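Right, one structure below, let's go through it.
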Amino acid sequence: MPNLKKPMVKVHFDNIRQQIINALDKASERIIVAVYWFTNEELFDKLIQQIEKGCRVELIIHNDFINNRNTGLNFQQFIDKGGEFYFSDGYNPMHNKFCVVDNQILINGSYNWTYYAENKNRENVLIIEEEKDTIESFINEFERLKSLTEKVTEIRQLTRFEVDENNVLRAKDYLANDIVFQAKVTNRPEIVESAFEIAPDNIEVQKTAFALDLTKKYRLKHSIGSSLINNGYKIIVEKGSLIPVSSSAIVRTTADNQTSSEATIHFGENPKATVNTKFAKMRLNGLPKKPAGKAEMKYHFTIDLKGNLRMEKYSLDNGRKQILTKKITEILEEIIDEKTS
């Protein structure tokens, strides 16, 4: 008779970090990890050790300030060592917490790989061994999650002034998203407007409603961008973008010790700014004195379903910012039938 190993399931409520380390130590071929938040240095170092031993290690985490900051874990080191790295975003937030070791051991539960989870929260994990069908299901789900992201080879860390980017766990935002899905499941598109009222500044809620066919569909008739030095033009939101949309671009100072940055905002496609239609001016003061090209500023533009353009420009060095809003319904067009338009 074949020597069949009996499936084994153990539940852990305490000392979870050590239980995970014990499982990772058994790896010889492949480790896959999907956790929403990851800050624990001991678990990170264990993954690095296993990469160095020749294991294939794949990791999916969420791209927010908890994970992606200059005082956080060095995920660039993980990539440079040979790890395969993926970020989820605000549109496709990956909220799982599981790990599979050598296609034989599954760790799954409520536990994020963080100090808070280990030392404050009441958490649990199940460690399941030799349960082939269950483990295979998690491996397949991991592959699906990868398909919803892009593999990252170079990480740009978020600054503390970008702390709200991809932050999808605030109560009002969670509720707004929940109402959007309620509208879809119950076939009540009329309630989706209440979701927008609860979280009026959350463009991701509107994107979800758009993707679920709960809203009218619009697109941008002209690109929107900023003037640059020598009459240059940097497109920030491209022509044809579906609304709602959010888009960002980073610009840098062009002179030594430059403490302010002024630009005009246009719509149009010409590479010369002044040929395009000007409709706003932005000026950011209080930039730090640095050599030319070293002080960075970020544009973050959003256009919502009501045609409101929100233009934000802020320093990535000290957080100084300017915010302007403008109605731009005249450069939006409704998509009546997307298949034929």
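Within each chain, counting starts at residue 1; across the structure tokens, chains are named A, B, ... in the order shown, with ligands numbered 1 upward in that order.
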Name the residues in contact with Lys10 (chain A) at a cut-off of 12 Å, using only C-alpha atoms, excluding same-chain residues fewer than 2 positions from it; report them as a PyMOL selection string.
-> chain A and resi 7-8+12-13+16+19+105-109+124-129
Selection from above, N, CA and C atoms, as a tab-separated table (two decimals), in the first residue's frame, can you write it?
chain	number	residue	atom	x	y	z
A	7	PRO	N	-3.14	14.13	6.78
A	7	PRO	CA	-3.19	15.58	6.92
A	7	PRO	C	-3.14	16.01	8.38
A	8	MET	N	-2.47	17.13	8.63
A	8	MET	CA	-2.31	17.62	10.00
A	8	MET	C	-2.69	19.09	10.05
A	12	HIS	N	-2.98	28.08	16.19
A	12	HIS	CA	-2.13	28.82	17.13
A	12	HIS	C	-2.74	30.20	17.39
A	13	PHE	N	-2.80	30.56	18.66
A	13	PHE	CA	-3.29	31.87	19.07
A	13	PHE	C	-2.19	32.73	19.70
A	16	ILE	N	2.83	33.40	17.50
A	16	ILE	CA	2.60	33.07	16.09
A	16	ILE	C	3.84	33.32	15.24
A	19	GLN	N	6.02	30.37	15.22
A	19	GLN	CA	5.45	29.25	14.47
A	19	GLN	C	5.68	29.43	12.97
A	105	ILE	N	3.10	22.99	3.17
A	105	ILE	CA	2.69	23.59	4.44
A	105	ILE	C	1.96	24.90	4.14
A	106	LEU	N	0.76	25.03	4.67
A	106	LEU	CA	-0.04	26.25	4.52
A	106	LEU	C	-0.18	26.94	5.87
A	107	ILE	N	0.11	28.23	5.90
A	107	ILE	CA	-0.14	29.07	7.08
A	107	ILE	C	-1.20	30.08	6.69
A	108	ASN	N	-2.32	30.10	7.39
A	108	ASN	CA	-3.42	31.00	7.02
A	108	ASN	C	-4.17	31.43	8.27
A	109	GLY	N	-4.55	32.71	8.30
A	109	GLY	CA	-5.31	33.20	9.44
A	109	GLY	C	-5.46	34.70	9.42
A	124	ASN	N	-4.92	34.70	15.10
A	124	ASN	CA	-4.85	33.24	14.96
A	124	ASN	C	-4.25	32.88	13.63
A	125	VAL	N	-3.62	31.70	13.59
A	125	VAL	CA	-3.25	31.08	12.32
A	125	VAL	C	-3.53	29.58	12.42
A	126	LEU	N	-3.86	29.01	11.28
A	126	LEU	CA	-3.90	27.57	11.11
A	126	LEU	C	-2.67	27.16	10.32
A	127	ILE	N	-1.98	26.13	10.78
A	127	ILE	CA	-0.87	25.56	10.03
A	127	ILE	C	-1.31	24.18	9.58
A	128	ILE	N	-1.41	24.03	8.27
A	128	ILE	CA	-1.98	22.83	7.66
A	128	ILE	C	-0.90	22.15	6.83
A	129	GLU	N	-0.69	20.88	7.07
A	129	GLU	CA	0.31	20.11	6.34
A	129	GLU	C	-0.33	18.91	5.66
Considering only C-alpha atoms, tabulate each residue of region 92-116 of chain A that lies at most 12 Å from region 43-65 of chain A along with its nearest interatomic pair and the corresponding distance in Å to one decimal; arrange the rows by chain and ascending residue number and present them as a tab-separated table.
residue	atom	partner	partner_atom	distance
A:Asn92	CA	A:His62	CA	9.3
A:Pro93	CA	A:His62	CA	6.6
A:Met94	CA	A:His62	CA	6.3
A:His95	CA	A:His62	CA	7.9
A:Asn96	CA	A:Ile61	CA	9.0
A:Lys97	CA	A:Ile61	CA	9.4
A:Phe98	CA	A:Ile60	CA	10.1
A:Cys99	CA	A:Leu59	CA	9.2
A:Val100	CA	A:Glu58	CA	10.1
A:Val101	CA	A:Val57	CA	9.5
A:Asp102	CA	A:Cys55	CA	9.3
A:Asn103	CA	A:Arg56	CA	11.9
A:Asn112	CA	A:Ile61	CA	10.1
A:Trp113	CA	A:Leu43	CA	7.4
A:Thr114	CA	A:Leu43	CA	9.1
A:Tyr115	CA	A:Leu43	CA	10.4
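Going from CA of Ile265 (chain A) to CA of Thr253 (chain A) covers 17.1 Å.
In this comparison, which uses only C-alpha atoms, the residue of A:Asn121, A:Asn15, A:Thr153, A:Thr259 approaching Gln77 (chain A) most closely is A:Thr153.
For region 231-330 of chain A, a DSSP pass over the backbone yields helix (DSSP H, G or I) at Asn231, Ala273, Thr274, Val275, Thr329 and Glu330 of chain A.
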Filtering to C-alpha atoms, could you give me those residues as a PDB file, in the first residue's frame?
ATOM      1  CA  ASN A 231       7.946  76.101 -22.549  1.00  0.00           C
ATOM      2  CA  ALA A 273       2.833  74.448 -23.171  1.00  0.00           C
ATOM      3  CA  THR A 274       1.758  77.836 -24.536  1.00  0.00           C
ATOM      4  CA  VAL A 275       0.132  76.269 -27.601  1.00  0.00           C
ATOM      5  CA  THR A 329     -17.132  69.110 -17.678  1.00  0.00           C
ATOM      6  CA  GLU A 330     -16.525  70.887 -21.001  1.00  0.00           C
TER       7      GLU A 330
END
Polymer residues at most 6 Å from region 287-289 of chain A, only C-alpha atoms, same-chain spacing of 6 or more positions, as a list of chain:residue names = A:Asn257, A:Gln258, A:Thr259, A:Ser260
Quick one: distance from CA of Tyr86 (chain A) to CA of Gln157 (chain A) in Å, one decimal?
-> 13.9 Å
Would you mind listing what lies within 7 Å of region 298-302 of chain A as a PDB file with all heavy atoms, in the first residue's frame, with only C-alpha atoms counted and same-chain residues fewer than 6 positions away left out?
ATOM      1  N   VAL A 245     -10.701  59.192 -12.653  1.00  0.00           N
ATOM      2  CA  VAL A 245      -9.302  58.866 -12.876  1.00  0.00           C
ATOM      3  C   VAL A 245      -8.438  59.582 -11.849  1.00  0.00           C
ATOM      4  O   VAL A 245      -8.787  60.667 -11.353  1.00  0.00           O
ATOM      5  CB  VAL A 245      -8.871  59.277 -14.311  1.00  0.00           C
ATOM      6  CG1 VAL A 245      -8.940  60.792 -14.490  1.00  0.00           C
ATOM      7  CG2 VAL A 245      -7.491  58.761 -14.657  1.00  0.00           C
ATOM      8  N   SER A 246      -7.337  58.985 -11.521  1.00  0.00           N
ATOM      9  CA  SER A 246      -6.310  59.643 -10.707  1.00  0.00           C
ATOM     10  C   SER A 246      -4.971  59.389 -11.371  1.00  0.00           C
ATOM     11  O   SER A 246      -4.728  58.302 -11.914  1.00  0.00           O
ATOM     12  CB  SER A 246      -6.304  59.104  -9.273  1.00  0.00           C
ATOM     13  OG  SER A 246      -6.095  57.711  -9.253  1.00  0.00           O
ATOM     14  N   SER A 247      -4.111  60.392 -11.351  1.00  0.00           N
ATOM     15  CA  SER A 247      -2.815  60.265 -12.006  1.00  0.00           C
ATOM     16  C   SER A 247      -1.798  61.166 -11.315  1.00  0.00           C
ATOM     17  O   SER A 247      -2.148  62.251 -10.837  1.00  0.00           O
ATOM     18  CB  SER A 247      -2.930  60.646 -13.487  1.00  0.00           C
ATOM     19  OG  SER A 247      -1.729  60.374 -14.166  1.00  0.00           O
ATOM     20  N   SER A 248      -0.567  60.704 -11.282  1.00  0.00           N
ATOM     21  CA  SER A 248       0.489  61.440 -10.584  1.00  0.00           C
ATOM     22  C   SER A 248       1.717  61.584 -11.465  1.00  0.00           C
ATOM     23  O   SER A 248       1.941  60.798 -12.391  1.00  0.00           O
ATOM     24  CB  SER A 248       0.878  60.720  -9.291  1.00  0.00           C
ATOM     25  OG  SER A 248      -0.207  60.623  -8.404  1.00  0.00           O
ATOM     26  N   ALA A 249       2.513  62.583 -11.158  1.00  0.00           N
ATOM     27  CA  ALA A 249       3.789  62.786 -11.854  1.00  0.00           C
ATOM     28  C   ALA A 249       4.735  63.523 -10.912  1.00  0.00           C
ATOM     29  O   ALA A 249       4.300  64.366 -10.113  1.00  0.00           O
ATOM     30  CB  ALA A 249       3.596  63.586 -13.134  1.00  0.00           C
ATOM     31  N   ILE A 250       5.994  63.200 -10.981  1.00  0.00           N
ATOM     32  CA  ILE A 250       7.008  63.847 -10.146  1.00  0.00           C
ATOM     33  C   ILE A 250       7.841  64.791 -11.008  1.00  0.00           C
ATOM     34  O   ILE A 250       8.262  64.428 -12.115  1.00  0.00           O
ATOM     35  CB  ILE A 250       7.893  62.804  -9.460  1.00  0.00           C
ATOM     36  CG1 ILE A 250       7.078  62.021  -8.417  1.00  0.00           C
ATOM     37  CG2 ILE A 250       9.099  63.460  -8.790  1.00  0.00           C
ATOM     38  CD1 ILE A 250       7.854  60.908  -7.742  1.00  0.00           C
ATOM     39  N   VAL A 251       8.048  66.008 -10.511  1.00  0.00           N
ATOM     40  CA  VAL A 251       8.906  66.984 -11.167  1.00  0.00           C
ATOM     41  C   VAL A 251       9.980  67.429 -10.181  1.00  0.00           C
ATOM     42  O   VAL A 251       9.852  67.213  -8.971  1.00  0.00           O
ATOM     43  CB  VAL A 251       8.111  68.205 -11.682  1.00  0.00           C
ATOM     44  CG1 VAL A 251       7.144  67.793 -12.777  1.00  0.00           C
ATOM     45  CG2 VAL A 251       7.351  68.883 -10.532  1.00  0.00           C
ATOM     46  N   LEU A 309     -12.094  68.508 -11.197  1.00  0.00           N
ATOM     47  CA  LEU A 309     -10.661  68.248 -11.251  1.00  0.00           C
ATOM     48  C   LEU A 309     -10.023  68.781  -9.974  1.00  0.00           C
ATOM     49  O   LEU A 309     -10.138  69.965  -9.660  1.00  0.00           O
ATOM     50  CB  LEU A 309     -10.037  68.924 -12.468  1.00  0.00           C
ATOM     51  CG  LEU A 309      -8.504  68.981 -12.510  1.00  0.00           C
ATOM     52  CD1 LEU A 309      -7.885  67.589 -12.580  1.00  0.00           C
ATOM     53  CD2 LEU A 309      -8.026  69.839 -13.690  1.00  0.00           C
ATOM     54  N   ARG A 310      -9.363  67.895  -9.237  1.00  0.00           N
ATOM     55  CA  ARG A 310      -8.641  68.297  -8.031  1.00  0.00           C
ATOM     56  C   ARG A 310      -7.156  68.210  -8.337  1.00  0.00           C
ATOM     57  O   ARG A 310      -6.638  67.147  -8.669  1.00  0.00           O
ATOM     58  CB  ARG A 310      -8.990  67.393  -6.854  1.00  0.00           C
ATOM     59  CG  ARG A 310      -8.349  67.804  -5.519  1.00  0.00           C
ATOM     60  CD  ARG A 310      -8.786  66.838  -4.424  1.00  0.00           C
ATOM     61  NE  ARG A 310      -8.397  67.299  -3.100  1.00  0.00           N
ATOM     62  CZ  ARG A 310      -7.250  67.019  -2.505  1.00  0.00           C
ATOM     63  NH1 ARG A 310      -6.346  66.272  -3.148  1.00  0.00           N
ATOM     64  NH2 ARG A 310      -6.990  67.454  -1.289  1.00  0.00           N
ATOM     65  N   MET A 311      -6.472  69.355  -8.248  1.00  0.00           N
ATOM     66  CA  MET A 311      -5.053  69.433  -8.570  1.00  0.00           C
ATOM     67  C   MET A 311      -4.258  69.657  -7.289  1.00  0.00           C
ATOM     68  O   MET A 311      -4.455  70.665  -6.599  1.00  0.00           O
ATOM     69  CB  MET A 311      -4.801  70.586  -9.548  1.00  0.00           C
ATOM     70  CG  MET A 311      -5.545  70.452 -10.875  1.00  0.00           C
ATOM     71  SD  MET A 311      -5.521  71.987 -11.865  1.00  0.00           S
ATOM     72  CE  MET A 311      -6.827  72.929 -11.051  1.00  0.00           C
ATOM     73  N   GLU A 312      -3.412  68.741  -6.988  1.00  0.00           N
ATOM     74  CA  GLU A 312      -2.584  68.846  -5.786  1.00  0.00           C
ATOM     75  C   GLU A 312      -1.116  68.796  -6.198  1.00  0.00           C
ATOM     76  O   GLU A 312      -0.701  67.945  -6.990  1.00  0.00           O
ATOM     77  CB  GLU A 312      -2.900  67.701  -4.828  1.00  0.00           C
ATOM     78  CG  GLU A 312      -2.144  67.759  -3.515  1.00  0.00           C
ATOM     79  CD  GLU A 312      -2.572  66.676  -2.537  1.00  0.00           C
ATOM     80  OE1 GLU A 312      -3.514  65.919  -2.870  1.00  0.00           O
ATOM     81  OE2 GLU A 312      -1.978  66.593  -1.453  1.00  0.00           O
ATOM     82  N   LYS A 313      -0.347  69.736  -5.672  1.00  0.00           N
ATOM     83  CA  LYS A 313       1.091  69.762  -5.912  1.00  0.00           C
ATOM     84  C   LYS A 313       1.770  69.924  -4.559  1.00  0.00           C
ATOM     85  O   LYS A 313       1.441  70.845  -3.809  1.00  0.00           O
ATOM     86  CB  LYS A 313       1.460  70.926  -6.839  1.00  0.00           C
ATOM     87  CG  LYS A 313       2.954  70.994  -7.202  1.00  0.00           C
ATOM     88  CD  LYS A 313       3.230  72.174  -8.144  1.00  0.00           C
ATOM     89  CE  LYS A 313       4.674  72.235  -8.572  1.00  0.00           C
ATOM     90  NZ  LYS A 313       4.949  73.382  -9.484  1.00  0.00           N
ATOM     91  N   TYR A 314       2.686  69.004  -4.252  1.00  0.00           N
ATOM     92  CA  TYR A 314       3.298  69.109  -2.930  1.00  0.00           C
ATOM     93  C   TYR A 314       4.748  68.662  -2.961  1.00  0.00           C
ATOM     94  O   TYR A 314       5.180  67.889  -3.828  1.00  0.00           O
ATOM     95  CB  TYR A 314       2.520  68.315  -1.881  1.00  0.00           C
ATOM     96  CG  TYR A 314       2.322  66.853  -2.167  1.00  0.00           C
ATOM     97  CD1 TYR A 314       3.188  65.894  -1.647  1.00  0.00           C
ATOM     98  CD2 TYR A 314       1.245  66.409  -2.927  1.00  0.00           C
ATOM     99  CE1 TYR A 314       2.993  64.552  -1.876  1.00  0.00           C
ATOM    100  CE2 TYR A 314       1.043  65.069  -3.165  1.00  0.00           C
ATOM    101  CZ  TYR A 314       1.920  64.140  -2.635  1.00  0.00           C
ATOM    102  OH  TYR A 314       1.719  62.797  -2.878  1.00  0.00           O
ATOM    103  N   SER A 315       5.496  69.191  -2.004  1.00  0.00           N
ATOM    104  CA  SER A 315       6.907  68.867  -1.875  1.00  0.00           C
ATOM    105  C   SER A 315       7.054  67.507  -1.211  1.00  0.00           C
ATOM    106  O   SER A 315       6.450  67.233  -0.181  1.00  0.00           O
ATOM    107  CB  SER A 315       7.620  69.926  -1.025  1.00  0.00           C
ATOM    108  OG  SER A 315       8.904  69.471  -0.622  1.00  0.00           O
ATOM    109  N   LEU A 316       7.879  66.659  -1.799  1.00  0.00           N
ATOM    110  CA  LEU A 316       8.166  65.365  -1.193  1.00  0.00           C
ATOM    111  C   LEU A 316       9.249  65.482  -0.127  1.00  0.00           C
ATOM    112  O   LEU A 316       9.560  64.501   0.545  1.00  0.00           O
ATOM    113  CB  LEU A 316       8.603  64.362  -2.263  1.00  0.00           C
ATOM    114  CG  LEU A 316       7.497  63.917  -3.230  1.00  0.00           C
ATOM    115  CD1 LEU A 316       8.061  63.001  -4.299  1.00  0.00           C
ATOM    116  CD2 LEU A 316       6.361  63.234  -2.484  1.00  0.00           C
TER     117      LEU A 316
END
For region 199-205 of chain A, work out the shell of residues within 12 Å, counting only C-alpha atoms and skipping chain neighbours fewer than 3 positions away, then give it as a PyMOL selection string.
-> chain A and resi 89-93+164-181+192-196+208-212+214-215+243-247+300-310+325
Using the selection just defined, write its residues with C-alpha atoms as a PDB file, in the first residue's frame.
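Saved as selection-v7.pdb:
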ATOM      1  CA  ASP A  89      -2.992  48.922  -4.838  1.00  0.00           C
ATOM      2  CA  GLY A  90      -6.127  50.752  -3.789  1.00  0.00           C
ATOM      3  CA  TYR A  91      -8.103  49.431  -6.735  1.00  0.00           C
ATOM      4  CA  ASN A  92      -7.191  45.767  -6.192  1.00  0.00           C
ATOM      5  CA  PRO A  93      -6.287  45.620  -2.479  1.00  0.00           C
ATOM      6  CA  ASP A 164      -3.059  58.368   2.634  1.00  0.00           C
ATOM      7  CA  GLU A 165      -2.256  56.842  -0.755  1.00  0.00           C
ATOM      8  CA  ASN A 166      -3.923  53.427  -1.174  1.00  0.00           C
ATOM      9  CA  ASN A 167      -5.236  53.672   2.390  1.00  0.00           C
ATOM     10  CA  VAL A 168      -8.434  51.656   1.984  1.00  0.00           C
ATOM     11  CA  LEU A 169      -9.140  50.693   5.597  1.00  0.00           C
ATOM     12  CA  ARG A 170     -10.620  53.906   7.010  1.00  0.00           C
ATOM     13  CA  ALA A 171     -14.149  53.289   8.284  1.00  0.00           C
ATOM     14  CA  LYS A 172     -15.935  55.747   5.989  1.00  0.00           C
ATOM     15  CA  ASP A 173     -14.060  54.427   2.961  1.00  0.00           C
ATOM     16  CA  TYR A 174     -14.826  50.839   3.873  1.00  0.00           C
ATOM     17  CA  LEU A 175     -18.510  51.676   4.265  1.00  0.00           C
ATOM     18  CA  ALA A 176     -18.604  53.560   0.971  1.00  0.00           C
ATOM     19  CA  ASN A 177     -17.092  50.607  -0.852  1.00  0.00           C
ATOM     20  CA  ASP A 178     -19.490  48.255   0.881  1.00  0.00           C
ATOM     21  CA  ILE A 179     -22.472  50.291  -0.341  1.00  0.00           C
ATOM     22  CA  VAL A 180     -21.119  50.179  -3.899  1.00  0.00           C
ATOM     23  CA  PHE A 181     -21.016  46.390  -3.831  1.00  0.00           C
ATOM     24  CA  VAL A 192     -24.508  54.262  -5.130  1.00  0.00           C
ATOM     25  CA  GLU A 193     -24.788  58.041  -4.820  1.00  0.00           C
ATOM     26  CA  SER A 194     -24.930  57.660  -1.030  1.00  0.00           C
ATOM     27  CA  ALA A 195     -21.514  55.978  -1.165  1.00  0.00           C
ATOM     28  CA  PHE A 196     -20.085  59.019  -2.953  1.00  0.00           C
ATOM     29  CA  THR A 208     -15.135  50.676  -8.252  1.00  0.00           C
ATOM     30  CA  ALA A 209     -18.655  51.865  -9.068  1.00  0.00           C
ATOM     31  CA  PHE A 210     -17.515  52.609 -12.625  1.00  0.00           C
ATOM     32  CA  ALA A 211     -15.993  49.157 -13.027  1.00  0.00           C
ATOM     33  CA  LEU A 212     -19.241  47.572 -11.821  1.00  0.00           C
ATOM     34  CA  LEU A 214     -23.143  51.483 -11.774  1.00  0.00           C
ATOM     35  CA  THR A 215     -22.421  54.938 -13.221  1.00  0.00           C
ATOM     36  CA  ILE A 243     -13.476  58.980 -15.621  1.00  0.00           C
ATOM     37  CA  PRO A 244     -13.070  58.764 -12.668  1.00  0.00           C
ATOM     38  CA  VAL A 245      -9.302  58.866 -12.876  1.00  0.00           C
ATOM     39  CA  SER A 246      -6.310  59.643 -10.707  1.00  0.00           C
ATOM     40  CA  SER A 247      -2.815  60.265 -12.006  1.00  0.00           C
ATOM     41  CA  HIS A 300      -1.570  64.331  -7.993  1.00  0.00           C
ATOM     42  CA  PHE A 301      -4.639  65.024 -10.124  1.00  0.00           C
ATOM     43  CA  THR A 302      -8.051  63.407  -9.795  1.00  0.00           C
ATOM     44  CA  ILE A 303     -11.188  63.867 -11.885  1.00  0.00           C
ATOM     45  CA  ASP A 304     -14.446  62.616 -10.382  1.00  0.00           C
ATOM     46  CA  LEU A 305     -17.700  61.582 -12.012  1.00  0.00           C
ATOM     47  CA  LYS A 306     -19.139  65.078 -11.619  1.00  0.00           C
ATOM     48  CA  GLY A 307     -16.279  66.599 -13.618  1.00  0.00           C
ATOM     49  CA  ASN A 308     -14.406  68.052 -10.647  1.00  0.00           C
ATOM     50  CA  LEU A 309     -10.661  68.248 -11.251  1.00  0.00           C
ATOM     51  CA  ARG A 310      -8.641  68.297  -8.031  1.00  0.00           C
ATOM     52  CA  THR A 325     -10.147  72.529  -7.853  1.00  0.00           C
TER      53      THR A 325
END
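Nearest to Ile135 (chain A) of all the residues A:Lys272, A:Arg69, A:Val9, A:Lys221 is A:Val9, based on only C-alpha atoms.
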CA of Glu238 (chain A) and CA of Gln206 (chain A) are how many Å apart?
-> 18.6 Å
Looking only at strand (DSSP E) from DSSP on the backbone, list the matching residues of region 261-291 of chain A as a ChimeraX atom specification.
-> /A:261-267,277-285
Taking N, CA and C atoms for each residue, export the selection above as an mmCIF file, in the first residue's frame.
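out33.cif, freshly written:
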data_model
loop_
_atom_site.group_PDB
_atom_site.id
_atom_site.type_symbol
_atom_site.label_atom_id
_atom_site.label_comp_id
_atom_site.auth_asym_id
_atom_site.auth_seq_id
_atom_site.Cartn_x
_atom_site.Cartn_y
_atom_site.Cartn_z
ATOM 1 N N SER A 261 8.203 77.066 -6.904
ATOM 2 C CA SER A 261 7.975 76.471 -8.221
ATOM 3 C C SER A 261 6.637 76.958 -8.744
ATOM 4 N N GLU A 262 6.642 77.578 -9.906
ATOM 5 C CA GLU A 262 5.412 78.085 -10.515
ATOM 6 C C GLU A 262 5.209 77.415 -11.859
ATOM 7 N N ALA A 263 3.985 77.015 -12.118
ATOM 8 C CA ALA A 263 3.669 76.364 -13.387
ATOM 9 C C ALA A 263 2.241 76.693 -13.762
ATOM 10 N N THR A 264 1.955 76.654 -15.051
ATOM 11 C CA THR A 264 0.593 76.817 -15.540
ATOM 12 C C THR A 264 0.056 75.444 -15.946
ATOM 13 N N ILE A 265 -1.250 75.276 -15.778
ATOM 14 C CA ILE A 265 -1.911 74.011 -16.088
ATOM 15 C C ILE A 265 -2.725 74.192 -17.364
ATOM 16 N N HIS A 266 -2.612 73.240 -18.277
ATOM 17 C CA HIS A 266 -3.206 73.362 -19.603
ATOM 18 C C HIS A 266 -3.958 72.092 -19.964
ATOM 19 N N PHE A 267 -4.835 72.185 -20.958
ATOM 20 C CA PHE A 267 -5.294 70.978 -21.620
ATOM 21 C C PHE A 267 -4.944 71.068 -23.094
ATOM 22 N N THR A 277 -4.312 75.063 -24.166
ATOM 23 C CA THR A 277 -5.226 75.984 -23.482
ATOM 24 C C THR A 277 -4.912 76.040 -21.990
ATOM 25 N N LYS A 278 -4.552 77.227 -21.533
ATOM 26 C CA LYS A 278 -4.235 77.429 -20.119
ATOM 27 C C LYS A 278 -5.519 77.649 -19.331
ATOM 28 N N PHE A 279 -5.618 76.986 -18.157
ATOM 29 C CA PHE A 279 -6.817 77.218 -17.341
ATOM 30 C C PHE A 279 -6.531 77.341 -15.850
ATOM 31 N N ALA A 280 -5.276 77.220 -15.431
ATOM 32 C CA ALA A 280 -4.962 77.386 -14.005
ATOM 33 C C ALA A 280 -3.473 77.654 -13.846
ATOM 34 N N LYS A 281 -3.126 78.196 -12.687
ATOM 35 C CA LYS A 281 -1.729 78.426 -12.345
ATOM 36 C C LYS A 281 -1.486 77.891 -10.936
ATOM 37 N N MET A 282 -0.350 77.215 -10.761
ATOM 38 C CA MET A 282 -0.002 76.690 -9.449
ATOM 39 C C MET A 282 1.366 77.225 -9.049
ATOM 40 N N ARG A 283 1.465 77.648 -7.790
ATOM 41 C CA ARG A 283 2.735 78.125 -7.263
ATOM 42 C C ARG A 283 2.960 77.502 -5.895
ATOM 43 N N LEU A 284 4.088 76.857 -5.750
ATOM 44 C CA LEU A 284 4.430 76.204 -4.490
ATOM 45 C C LEU A 284 5.646 76.892 -3.898
ATOM 46 N N ASN A 285 5.488 77.440 -2.703
ATOM 47 C CA ASN A 285 6.566 78.131 -2.006
ATOM 48 C C ASN A 285 7.107 77.263 -0.870
#
